[in-house]
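Colleague: Below is the file query-v2.cif, with mmCIF, C-alpha atoms.
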data_coords
#
loop_
_atom_site.label_atom_id
_atom_site.label_comp_id
_atom_site.auth_asym_id
_atom_site.auth_seq_id
_atom_site.Cartn_x
_atom_site.Cartn_y
_atom_site.Cartn_z
CA MET F 1 -70.04 -26.74 -50.98
CA LYS F 2 -69.74 -24.06 -53.59
CA ILE F 3 -68.56 -20.57 -52.76
CA SER F 4 -69.69 -17.92 -55.19
CA ASN F 5 -67.28 -15.49 -56.76
CA LYS F 6 -69.19 -12.66 -55.14
CA THR F 7 -68.69 -14.06 -51.64
CA LEU F 8 -64.98 -14.43 -52.31
CA LEU F 9 -64.73 -10.86 -53.51
CA VAL F 10 -66.52 -9.51 -50.42
CA ALA F 11 -64.24 -11.51 -48.16
CA LEU F 12 -61.17 -10.23 -49.97
CA VAL F 13 -62.27 -6.61 -49.76
CA ALA F 14 -63.04 -7.00 -46.07
CA LEU F 15 -59.61 -8.50 -45.42
CA LEU F 16 -57.80 -5.75 -47.31
CA THR F 17 -59.76 -3.04 -45.52
CA ALA F 18 -58.96 -4.56 -42.16
CA GLY F 19 -55.28 -4.77 -43.12
CA LEU F 20 -55.28 -1.15 -44.21
CA PHE F 21 -56.86 -0.14 -40.93
CA VAL F 22 -54.20 -1.94 -38.92
CA VAL F 23 -51.41 -0.32 -40.90
CA THR F 24 -52.95 3.13 -40.56
CA SER F 25 -53.53 2.82 -36.83
CA GLN F 26 -49.92 1.73 -36.37
CA ALA F 27 -48.73 4.78 -38.23
CA ILE F 28 -50.85 7.03 -36.03
CA GLY F 29 -49.78 5.20 -32.88
CA GLY F 30 -46.11 5.59 -33.80
CA ASP F 31 -46.45 9.28 -34.44
CA ASP F 32 -45.39 10.30 -30.94
CA ASP F 33 -41.73 10.33 -31.84
CA GLU F 34 -42.22 12.72 -34.68
CA GLU F 35 -44.44 15.02 -32.71
CA ASP F 36 -41.98 15.76 -29.93
CA GLY F 37 -38.70 14.81 -31.52
CA GLY F 38 -38.42 11.55 -29.61
CA THR F 39 -35.20 10.29 -28.15
CA ILE F 40 -31.96 11.79 -29.40
CA ILE F 41 -28.72 9.87 -28.96
CA PHE F 42 -25.51 11.80 -29.40
CA THR F 43 -22.46 9.73 -30.27
CA GLN F 44 -19.96 12.53 -30.83
CA PRO F 45 -17.58 13.51 -29.34
CA VAL F 46 -18.21 10.60 -26.95
CA LYS F 47 -20.51 7.62 -27.07
CA ALA F 48 -23.21 8.17 -25.93
CA VAL F 49 -25.45 10.88 -24.54
CA VAL F 50 -29.21 10.60 -24.38
CA PHE F 51 -31.69 13.44 -24.70
CA GLU F 52 -35.37 12.73 -24.13
CA HIS F 53 -37.65 15.31 -25.71
CA SER F 54 -40.62 14.03 -23.69
CA ILE F 55 -38.95 14.59 -20.29
CA HIS F 56 -38.11 18.16 -21.23
CA MET F 57 -41.54 18.89 -22.72
CA ASP F 58 -43.21 17.48 -19.60
CA MET F 59 -41.31 20.11 -17.65
CA GLY F 60 -43.17 22.73 -19.63
CA LEU F 61 -40.59 23.58 -22.26
CA GLU F 62 -41.81 24.55 -25.71
CA CYS F 63 -40.20 23.72 -29.05
CA ASP F 64 -38.94 27.27 -29.37
CA SER F 65 -37.26 27.09 -25.95
CA CYS F 66 -34.37 25.37 -27.72
CA HIS F 67 -35.14 25.49 -31.44
CA ASP F 68 -33.57 26.93 -33.47
CA ASP F 69 -31.38 29.09 -31.26
CA LEU F 70 -29.60 26.42 -29.21
CA PHE F 71 -30.19 23.46 -31.50
CA GLU F 72 -31.24 23.18 -35.10
CA MET F 73 -34.33 21.11 -35.55
CA ALA F 74 -32.48 18.27 -37.24
CA ALA F 75 -30.86 15.44 -35.32
CA GLY F 76 -27.11 15.18 -35.81
CA THR F 77 -26.37 18.82 -36.60
CA ALA F 78 -24.98 19.81 -33.20
CA GLU F 79 -22.63 16.84 -33.24
CA GLU F 80 -21.00 18.13 -36.38
CA ASN F 81 -19.74 21.20 -34.56
CA ASP F 82 -16.24 21.10 -33.11
CA ASP F 83 -17.43 23.05 -30.09
CA PHE F 84 -20.05 20.49 -29.09
CA THR F 85 -18.08 19.71 -25.93
CA MET F 86 -18.50 19.84 -22.17
CA LYS F 87 -16.38 22.99 -22.16
CA SER F 88 -18.97 24.74 -24.32
CA LEU F 89 -21.73 23.57 -22.02
CA TYR F 90 -19.90 25.14 -19.07
CA GLU F 91 -19.82 28.37 -21.09
CA GLY F 92 -23.60 28.27 -21.48
CA LYS F 93 -23.80 26.87 -24.98
CA TYR F 94 -26.10 24.02 -26.07
CA CYS F 95 -27.48 22.09 -23.05
CA GLY F 96 -25.47 24.42 -20.81
CA ALA F 97 -27.95 27.24 -21.51
CA CYS F 98 -30.26 25.65 -18.94
CA HIS F 99 -27.95 23.12 -17.29
CA ASP F 100 -26.07 25.79 -15.39
CA GLY F 101 -26.92 24.81 -11.82
CA ASP F 102 -29.63 27.44 -11.76
CA THR F 103 -32.37 26.55 -14.21
CA ALA F 104 -31.42 22.87 -14.24
CA PHE F 105 -28.68 20.78 -12.67
CA ALA F 106 -25.22 21.98 -13.66
CA SER F 107 -23.47 20.36 -16.62
CA ASN F 108 -20.51 19.37 -14.47
CA THR F 109 -22.68 17.34 -12.10
CA ARG F 110 -24.69 14.14 -12.42
CA CYS F 111 -22.68 12.98 -15.44
CA THR F 112 -24.50 9.69 -15.88
CA SER F 113 -27.94 11.28 -15.99
CA CYS F 114 -27.25 11.97 -19.67
CA HIS F 115 -24.12 9.92 -20.38
CA ILE F 116 -25.38 6.40 -20.93
CA GLY F 117 -22.05 5.14 -22.22
CA VAL F 118 -21.29 2.53 -24.83
CA LYS F 119 -23.25 0.04 -22.75
CA GLY F 120 -26.36 2.20 -22.72
CA TYR F 121 -25.98 2.87 -26.43
CA GLU F 122 -25.80 -0.82 -27.23
CA ARG F 123 -28.80 -1.53 -25.03
CA MET F 124 -30.83 1.14 -26.81
CA ASN F 125 -29.94 -0.37 -30.14
CA GLY F 126 -31.19 -3.71 -28.92
CA GLY F 127 -27.80 -5.25 -29.33
CA GLY F 128 -27.34 -5.94 -25.66
CA GLU F 129 -23.86 -5.91 -24.33
CA LYS F 130 -21.09 -7.44 -26.27
CA LYS F 131 -19.90 -10.71 -24.87
CA GLU F 132 -16.42 -10.53 -23.61
CA GLY F 133 -15.02 -13.98 -23.92
CA GLY F 134 -11.88 -15.54 -22.63
CA HIS F 135 -12.86 -15.25 -19.01
CA HIS F 136 -13.64 -18.17 -16.77
CA MET V 137 -5.12 15.42 20.22
CA THR V 138 -5.27 12.61 17.81
CA ALA V 139 -6.49 12.40 14.29
CA ALA V 140 -7.40 9.51 12.10
CA ARG V 141 -7.46 8.27 8.62
CA VAL V 142 -10.41 6.64 7.11
CA TYR V 143 -9.90 3.90 4.65
CA LEU V 144 -13.01 2.63 3.06
CA SER V 145 -13.77 -0.29 0.92
CA ALA V 146 -16.45 -1.02 -1.58
CA ASN V 147 -17.28 -4.51 -2.53
CA PHE V 148 -18.53 -5.44 -5.89
CA GLN V 149 -19.91 -8.47 -7.53
CA THR V 150 -19.75 -9.18 -11.21
CA ASN V 151 -22.62 -10.71 -13.04
CA GLU V 152 -21.18 -12.92 -15.71
CA GLU V 153 -24.26 -12.53 -17.88
CA ASP V 154 -24.33 -8.78 -18.41
CA ARG V 155 -21.20 -7.77 -16.61
CA THR V 156 -23.28 -5.42 -14.54
CA VAL V 157 -22.18 -4.76 -11.03
CA ARG V 158 -24.88 -4.62 -8.43
CA ASN V 159 -24.50 -4.52 -4.74
CA GLU V 160 -27.02 -2.32 -3.07
CA GLN V 161 -25.86 -3.57 0.31
CA SER V 162 -22.27 -2.43 -0.02
CA VAL V 163 -20.98 0.46 1.97
CA ARG V 164 -20.42 3.22 -0.49
CA PRO V 165 -17.97 5.95 0.39
CA GLU V 166 -20.56 8.61 -0.29
CA ALA V 167 -22.68 6.94 2.37
CA ILE V 168 -20.16 8.04 4.99
CA THR V 169 -21.07 11.54 6.01
CA ASP V 170 -18.62 14.19 7.04
CA GLU V 171 -20.07 14.06 10.51
CA GLU V 172 -19.44 10.36 10.85
CA ARG V 173 -15.91 10.86 9.64
CA ARG V 174 -15.38 13.62 12.17
CA THR V 175 -16.65 11.36 14.91
CA PHE V 176 -14.05 8.81 13.93
CA LEU V 177 -11.40 11.49 13.87
CA LYS V 178 -12.31 12.49 17.40
CA LEU V 179 -12.04 8.93 18.54
CA GLY V 180 -8.49 8.90 17.26
CA LEU V 181 -8.95 5.63 15.53
CA LYS V 182 -7.71 4.39 12.25
CA ILE V 183 -10.09 2.34 10.21
CA THR V 184 -8.13 0.16 7.87
CA GLY V 185 -10.99 -1.77 6.40
CA LEU V 186 -14.73 -1.57 6.36
CA MET V 187 -16.49 -4.64 5.05
CA ALA V 188 -19.64 -4.59 3.02
CA GLY V 189 -21.74 -5.56 5.97
CA GLY V 190 -20.22 -2.82 8.07
CA THR V 191 -17.72 -4.93 9.98
CA ILE V 192 -14.71 -2.95 11.04
CA LEU V 193 -11.67 -5.10 10.47
CA SER V 194 -9.15 -3.23 12.54
CA LEU V 195 -8.91 -0.20 14.69
CA ALA V 196 -5.67 1.31 15.80
CA PRO V 197 -4.84 4.61 17.44
CA ILE V 198 -2.59 6.88 15.39
CA GLY V 199 -0.59 10.02 16.04
CA GLU V 200 -1.68 13.61 15.59
CA ASP V 201 0.76 14.34 12.78
CA GLU V 202 -1.39 12.27 10.49
CA ALA V 203 -4.01 14.86 9.69
CA GLU V 204 -7.11 14.61 7.58
CA ALA V 205 -5.84 12.93 4.44
CA ALA V 206 -8.29 10.26 3.50
CA PHE V 207 -5.78 7.56 2.90
CA ASP V 208 -2.39 6.63 4.33
CA LEU V 209 -0.48 5.69 1.21
CA GLN V 210 2.93 5.48 2.86
CA ASN V 211 1.66 3.02 5.41
CA TYR V 212 -0.08 1.00 2.71
CA ARG V 213 3.14 0.82 0.67
CA ARG V 214 5.35 -0.01 3.65
CA GLY V 215 7.82 -2.77 2.90
CA THR V 216 8.04 -2.09 -0.85
CA ASN V 217 11.04 -0.58 -2.60
CA TYR V 218 9.70 0.06 -6.08
CA LYS V 219 10.98 3.21 -7.76
CA PRO V 220 9.03 4.41 -9.62
CA HIS V 221 6.09 2.64 -8.04
CA TYR V 222 3.42 2.84 -10.68
CA GLY V 223 -0.21 2.98 -9.69
CA MET V 224 -3.46 4.57 -10.68
CA VAL V 225 -6.15 6.60 -9.00
CA ILE V 226 -9.56 6.33 -10.61
CA ARG V 227 -11.89 9.30 -10.24
CA GLN V 228 -14.88 7.05 -10.59
CA ASN V 229 -17.70 9.59 -10.67
CA HIS V 230 -16.22 11.16 -13.81
CA CYS V 231 -16.42 7.98 -15.88
CA VAL V 232 -19.13 8.07 -18.55
CA ASP V 233 -18.31 4.74 -20.21
CA CYS V 234 -17.21 6.28 -23.50
CA GLU V 235 -14.72 3.41 -23.60
CA LYS V 236 -12.04 5.41 -25.37
CA CYS V 237 -9.69 3.84 -22.82
CA LYS V 238 -10.68 0.39 -23.98
CA GLU V 239 -10.21 1.29 -27.63
CA ALA V 240 -6.80 2.83 -26.97
CA CYS V 241 -5.70 -0.18 -24.94
CA LYS V 242 -6.76 -2.67 -27.60
CA LYS V 243 -4.98 -0.71 -30.30
CA THR V 244 -1.81 -0.06 -28.32
CA ASN V 245 -1.43 -3.53 -26.90
CA ASN V 246 -2.88 -5.54 -29.76
CA VAL V 247 -5.65 -6.99 -27.61
CA PRO V 248 -7.96 -9.33 -29.54
CA GLU V 249 -11.72 -8.83 -29.67
CA GLU V 250 -12.41 -11.70 -27.28
CA GLY V 251 -10.26 -10.36 -24.47
CA TYR V 252 -9.59 -7.20 -22.54
CA ARG V 253 -6.87 -5.72 -20.38
CA THR V 254 -9.22 -3.08 -19.05
CA THR V 255 -12.96 -2.67 -19.17
CA ILE V 256 -15.80 -0.68 -17.67
CA LEU V 257 -18.31 -2.26 -15.33
CA GLU V 258 -21.73 -0.78 -14.80
CA ARG V 259 -23.79 -0.74 -11.69
CA ILE V 260 -27.33 0.54 -11.39
CA LEU V 261 -28.09 1.76 -7.90
CA GLU V 262 -31.50 2.68 -6.62
CA PRO V 263 -30.86 5.15 -3.81
CA GLU V 264 -34.61 5.57 -3.40
CA PRO V 265 -37.55 3.83 -5.08
CA GLY V 266 -37.95 4.94 -8.66
CA VAL V 267 -34.60 6.75 -8.79
CA LYS V 268 -31.94 5.02 -10.84
CA ASP V 269 -28.35 5.99 -10.37
CA ARG V 270 -25.84 4.78 -12.94
CA VAL V 271 -22.24 4.23 -11.89
CA PHE V 272 -19.48 3.25 -14.26
CA MET V 273 -16.45 1.55 -12.81
CA PRO V 274 -13.24 1.20 -14.79
CA VAL V 275 -11.38 -1.97 -13.90
CA LEU V 276 -7.96 -3.29 -14.84
CA CYS V 277 -5.14 -5.29 -13.28
CA ASN V 278 -4.70 -3.93 -9.77
CA HIS V 279 -0.94 -4.54 -9.75
CA CYS V 280 -1.38 -5.86 -6.22
CA LEU V 281 1.35 -5.59 -3.63
CA ASN V 282 0.57 -9.18 -2.72
CA PRO V 283 -0.68 -10.59 -6.03
CA PRO V 284 -2.47 -13.96 -5.82
CA CYS V 285 -1.73 -14.60 -9.52
CA VAL V 286 2.02 -14.45 -8.91
CA ARG V 287 1.71 -16.75 -5.93
CA VAL V 288 -0.15 -19.45 -7.82
CA CYS V 289 1.78 -19.44 -11.12
CA PRO V 290 3.59 -22.79 -11.34
CA THR V 291 6.17 -21.59 -13.87
CA LYS V 292 6.91 -18.08 -12.61
CA ALA V 293 5.52 -16.73 -15.86
CA THR V 294 3.86 -13.90 -14.04
CA THR V 295 5.95 -11.83 -11.68
CA LYS V 296 6.16 -8.46 -10.05
CA ASP V 297 8.65 -6.26 -11.86
CA PRO V 298 11.29 -5.62 -9.17
CA LYS V 299 11.79 -2.05 -10.37
CA THR V 300 8.27 -0.72 -10.91
CA GLY V 301 5.96 -3.12 -9.09
CA ILE V 302 4.07 -3.79 -12.32
CA VAL V 303 2.68 -7.33 -12.53
CA ILE V 304 4.18 -8.58 -15.77
CA MET V 305 3.98 -11.66 -17.97
CA THR V 306 6.87 -13.61 -19.42
CA TYR V 307 4.86 -15.13 -22.24
CA HIS V 308 7.27 -17.91 -23.21
CA LYS V 309 7.16 -19.30 -19.67
CA CYS V 310 3.35 -19.43 -19.59
CA ILE V 311 1.89 -22.92 -20.04
CA GLY V 312 -1.68 -21.61 -20.26
CA CYS V 313 -2.94 -23.43 -17.18
CA LYS V 314 -5.13 -20.43 -16.30
CA THR V 315 -4.58 -20.87 -12.57
CA CYS V 316 -3.74 -17.17 -12.38
CA MET V 317 -7.06 -16.32 -14.03
CA ALA V 318 -8.89 -18.20 -11.32
CA ALA V 319 -6.77 -16.65 -8.60
CA CYS V 320 -7.20 -13.04 -9.74
CA PRO V 321 -9.85 -11.29 -7.63
CA TYR V 322 -10.36 -8.74 -10.40
CA ASN V 323 -10.99 -10.87 -13.48
CA ALA V 324 -8.14 -8.98 -15.08
CA ARG V 325 -6.59 -11.79 -17.13
CA TYR V 326 -7.54 -13.50 -20.36
CA PHE V 327 -6.07 -16.23 -22.53
CA ASN V 328 -4.56 -14.80 -25.70
CA GLU V 329 -4.95 -17.37 -28.47
CA GLU V 330 -2.33 -15.77 -30.64
CA LYS V 331 0.29 -15.65 -27.91
CA ARG V 332 -0.85 -19.02 -26.56
CA ALA V 333 -0.41 -17.44 -23.16
CA ILE V 334 -2.26 -15.45 -20.56
CA ASP V 335 -2.23 -11.74 -21.27
CA LYS V 336 -3.02 -8.81 -18.99
CA CYS V 337 -2.51 -5.12 -18.35
CA ASN V 338 1.11 -4.18 -17.76
CA PHE V 339 0.55 -0.43 -17.55
CA CYS V 340 1.80 -0.29 -21.17
CA LEU V 341 5.32 -1.00 -19.87
CA ASP V 342 6.56 -2.38 -23.19
CA THR V 343 4.38 -0.34 -25.53
CA ARG V 344 4.62 3.12 -23.97
CA LEU V 345 6.51 3.57 -20.67
CA SER V 346 9.69 1.98 -22.02
CA LYS V 347 9.47 4.38 -24.95
CA GLY V 348 9.46 7.44 -22.75
CA GLU V 349 5.71 7.99 -22.53
CA LYS V 350 4.54 9.09 -19.10
CA LEU V 351 1.01 7.73 -19.27
CA THR V 352 -0.65 4.46 -20.10
CA ALA V 353 -2.72 4.38 -23.29
CA CYS V 354 -5.97 4.31 -21.32
CA ALA V 355 -5.02 7.26 -19.14
CA ALA V 356 -3.89 9.28 -22.17
CA ALA V 357 -7.11 8.53 -24.04
CA CYS V 358 -9.51 9.40 -21.24
CA PRO V 359 -11.33 12.66 -22.03
CA ALA V 360 -12.44 13.14 -18.40
CA ASN V 361 -9.14 12.47 -16.65
CA VAL V 362 -10.69 9.54 -14.80
CA ARG V 363 -7.51 7.49 -14.84
CA VAL V 364 -4.75 9.36 -13.05
CA PHE V 365 -1.58 7.37 -13.56
CA GLY V 366 1.86 7.92 -12.09
CA ASP V 367 4.54 7.15 -9.57
CA LEU V 368 3.05 6.68 -6.14
CA ALA V 369 6.52 6.61 -4.60
CA ASP V 370 6.77 10.26 -5.59
CA PRO V 371 4.69 12.39 -3.21
CA ASN V 372 4.42 15.10 -5.87
CA SER V 373 2.95 12.93 -8.62
CA GLU V 374 -0.65 13.60 -9.64
CA PRO V 375 -2.06 10.38 -8.19
CA SER V 376 -0.16 10.90 -4.91
CA LYS V 377 -1.60 14.38 -4.61
CA LEU V 378 -5.10 13.08 -5.23
CA LEU V 379 -4.76 10.50 -2.47
CA ARG V 380 -3.78 13.26 -0.05
CA LYS V 381 -6.91 15.31 -0.71
CA PRO V 382 -8.52 15.96 2.64
CA ASP V 383 -11.94 14.54 3.40
CA LYS V 384 -12.05 12.41 0.29
CA ALA V 385 -12.87 8.78 0.76
CA VAL V 386 -10.48 6.43 -0.99
CA TRP V 387 -11.26 2.79 -1.54
CA VAL V 388 -9.92 -0.27 -3.26
CA LEU V 389 -11.81 -3.18 -4.76
CA ARG V 390 -12.15 -6.40 -2.82
CA PRO V 391 -9.79 -5.48 0.01
CA GLU V 392 -10.79 -8.66 1.82
CA SER V 393 -8.81 -10.72 -0.71
CA GLY V 394 -5.64 -9.62 1.05
CA ALA V 395 -4.03 -8.90 -2.31
CA LYS V 396 -3.37 -5.25 -1.41
CA PRO V 397 -4.44 -3.85 -4.76
CA PHE V 398 -2.65 -0.77 -6.08
CA ILE V 399 -5.51 0.82 -8.04
CA PHE V 400 -7.33 3.35 -5.91
CA TYR V 401 -10.82 4.69 -6.36
CA MET V 402 -12.34 7.96 -5.27
CA ASN V 403 -15.13 10.32 -6.18
CA ASP V 404 -13.39 13.58 -6.80
#
Turn this file's structure into structure tokens for me.
Modeller:
Amino acid sequence: MKISNKTLLVALVALLTAGLFVVTSQAIGGDDDEEDGGTIIFTQPVKAVVFEHSIHMDMGLECDSCHDDLFEMAAGTAEENDDFTMKSLYEGKYCGACHDGDTAFASNTRCTSCHIGVKGYERMNGGGEKKEGGHH
Amino acid sequence: MTAARVYLSANFQTNEEDRTVRNEQSVRPEAITDEERRTFLKLGLKITGLMAGGTILSLAPIGEDEAEAAFDLQNYRRGTNYKPHYGMVIRQNHCVDCEKCKEACKKTNNVPEEGYRTTILERILEPEPGVKDRVFMPVLCNHCLNPPCVRVCPTKATTKDPKTGIVIMTYHKCIGCKTCMAACPYNARYFNEEKRAIDKCNFCLDTRLSKGEKLTACAAACPANVRVFGDLADPNSEPSKLLRKPDKAVWVLRPESGAKPFIFYMND
């Protein structure tokens, strides 16, 4: 059976178009993170603290509730500051602006709500937990 | 009038796969309300052990001089003559698993990647459906008053330091039979390939305490003061003071082993 060049060309174009569509839809589907800032993982001064933009936006906060007064709109900038510590939070800086026991739970309570630890950090990076050998 | 002391225990189980600790059934100290504690106080009973299933191991009336301190350290230590008697109180609810303790320990004591002298266990509790509660639990050698590892060692390679009560290793006596590893209720021992011997936490006796340092490497590295280390024979040491805090539940891990562990846990 002979396949004409034209048929081949049509098939090829159809395939490419379909491929393009899949790629595009993936890009659109994955846009959520960029729209609300996604999940932020702080690793300084301790590993690790998680901040979920979506949870906070679902509570009715707007971008300008925190940006750019409390946090610059670029991941990693707060961590560069020497005062990005629990002490600062207790003084009402950074997360402590809301997490004061009034607007939201106080910074010196419910530690592990935000602190996911090294274990949580490794889980989020898909690495799972490191095997600790030498035991039984 | 009589008063009582409440001594609580929390059981834990380790999952070898992910080293996560789960035991929803265990009696957690926070599950004991102030009212329940007061009821016990009124009864004038001393609870010396509370098993996971809620079985009270022993009840004994005590005198009124023993007020509301959560834990009777002097009674627990009775029969020992260590001076200083090193121990640690772990303020568990402050641990965020940053693992700076682990890093400091490995560096200070030259612990290889495949082993640990101290680590952090994780336990995910679900106090009510849909609510996840994460608890991090630092663990290390419990420097037991009645250490099973010392009892089983065929060569006396592991002993209790007669001065400080620290469970120490004499590496050249160790034949690597690993019986102590199996006997330890706390999984606190590993085989060190380089030393060709079992290695374990010794409260940094050789690396820090003998050099005049007052704290272990892990305690010094902790940013949240979770590990409160000191001399429990001294009533004015920081850990002793913590154990005297009124109305704070104090517990040890796996009390049913009979090892009388000397690492105490509390939520402070």
Colleague: Determine the nearest neighbour of chain F from the options V:Glu239, V:Asp269, V:Asp208, V:Asp297, counting all atoms listed in the file.
Modeller: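 Closest to chain F of all the choices is V:Asp269.
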Colleague: Can you check which residues of chain V have any atom within 9 Å of chain F? Use only C-alpha atoms and format it as a VMD selection string.
Modeller: chain V and resid 153 to 155 229 to 236 249 to 252 258 269 to 272 314 317 to 318 323 to 328 359
Colleague: Grab the residues selected above and save them as a short mmCIF file (atom, residue, chain, number, x, y, z; two decimals), in the frame of the given file with C-alpha atoms.
Modeller:
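For reference, part_30.cif as written:
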data_model
loop_
_atom_site.label_atom_id
_atom_site.label_comp_id
_atom_site.auth_asym_id
_atom_site.auth_seq_id
_atom_site.Cartn_x
_atom_site.Cartn_y
_atom_site.Cartn_z
CA GLU V 153 -24.26 -12.53 -17.88
CA ASP V 154 -24.33 -8.78 -18.41
CA ARG V 155 -21.20 -7.77 -16.61
CA ASN V 229 -17.70 9.59 -10.67
CA HIS V 230 -16.22 11.16 -13.81
CA CYS V 231 -16.42 7.98 -15.88
CA VAL V 232 -19.13 8.07 -18.55
CA ASP V 233 -18.31 4.74 -20.21
CA CYS V 234 -17.21 6.28 -23.50
CA GLU V 235 -14.72 3.41 -23.60
CA LYS V 236 -12.04 5.41 -25.37
CA GLU V 249 -11.72 -8.83 -29.67
CA GLU V 250 -12.41 -11.70 -27.28
CA GLY V 251 -10.26 -10.36 -24.47
CA TYR V 252 -9.59 -7.20 -22.54
CA GLU V 258 -21.73 -0.78 -14.80
CA ASP V 269 -28.35 5.99 -10.37
CA ARG V 270 -25.84 4.78 -12.94
CA VAL V 271 -22.24 4.23 -11.89
CA PHE V 272 -19.48 3.25 -14.26
CA LYS V 314 -5.13 -20.43 -16.30
CA MET V 317 -7.06 -16.32 -14.03
CA ALA V 318 -8.89 -18.20 -11.32
CA ASN V 323 -10.99 -10.87 -13.48
CA ALA V 324 -8.14 -8.98 -15.08
CA ARG V 325 -6.59 -11.79 -17.13
CA TYR V 326 -7.54 -13.50 -20.36
CA PHE V 327 -6.07 -16.23 -22.53
CA ASN V 328 -4.56 -14.80 -25.70
CA PRO V 359 -11.33 12.66 -22.03
#
Colleague: Please list as number ranges by chain every residue within 6 Å of Cys358 (chain V), counting all atoms listed in the file and excluding residues in the same chain fewer than 3 positions away.
Modeller: V: 237, 355, 361
Colleague: Please, what distance in Å, to one decimal, runs between CA of Tyr218 (chain V) and CA of Met305 (chain V)?
Modeller: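 Separation between CA of Tyr218 (chain V) and CA of Met305 (chain V): 17.6 Å.
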Colleague: Can you give me, as a PyMOL selection string, the residues this file yields under the PyMOL selection byres ((chain F and resi 94) around 10)?
Modeller: chain F and resi 66+69-71+78+83-86+88-93+95-99
Colleague: Do a neighbour search on region 210-214 of chain V at 10 Å with only C-alpha atoms, toss out local chain neighbours closer than 6 positions, and write the hits as a list in words.
Modeller: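 Counting only C-alpha atoms, the residues come to Thr184, His221, Leu281, Leu368, Ala369, Pro371, Ser376, Lys396, Pro397 and Phe398 of chain V.
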Colleague: Show me the residues around (-9.5, -3.1, -16.2) - criterion: an atom at most 9 Å away, only C-alpha atoms counted - as a list in words.
Modeller: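 Those residues, ordered by chain and then number, are Lys238, Tyr252, Arg253, Thr254, Thr255, Ile256, Leu257, Pro274, Val275, Leu276, Cys277, Asn278, Tyr322, Asn323, Ala324 and Cys337 of chain V.
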Colleague: Between CA of Glu392 (chain V) and CA of Ala319 (chain V), what is the distance, to one decimal in Å?
Modeller: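 Here the two named atoms are 13.7 Å from each other.
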Colleague: Suppose you want the space between CA of Arg227 (chain V) and CA of Glu349 (chain V); what is it in Å?
Modeller: 21.5 Å
Colleague: With the PyMOL selection byres ((chain V and resi 303) around 10) as the selection, what would be picked from this file? Answer as a count of residues only, please.
Modeller: 22
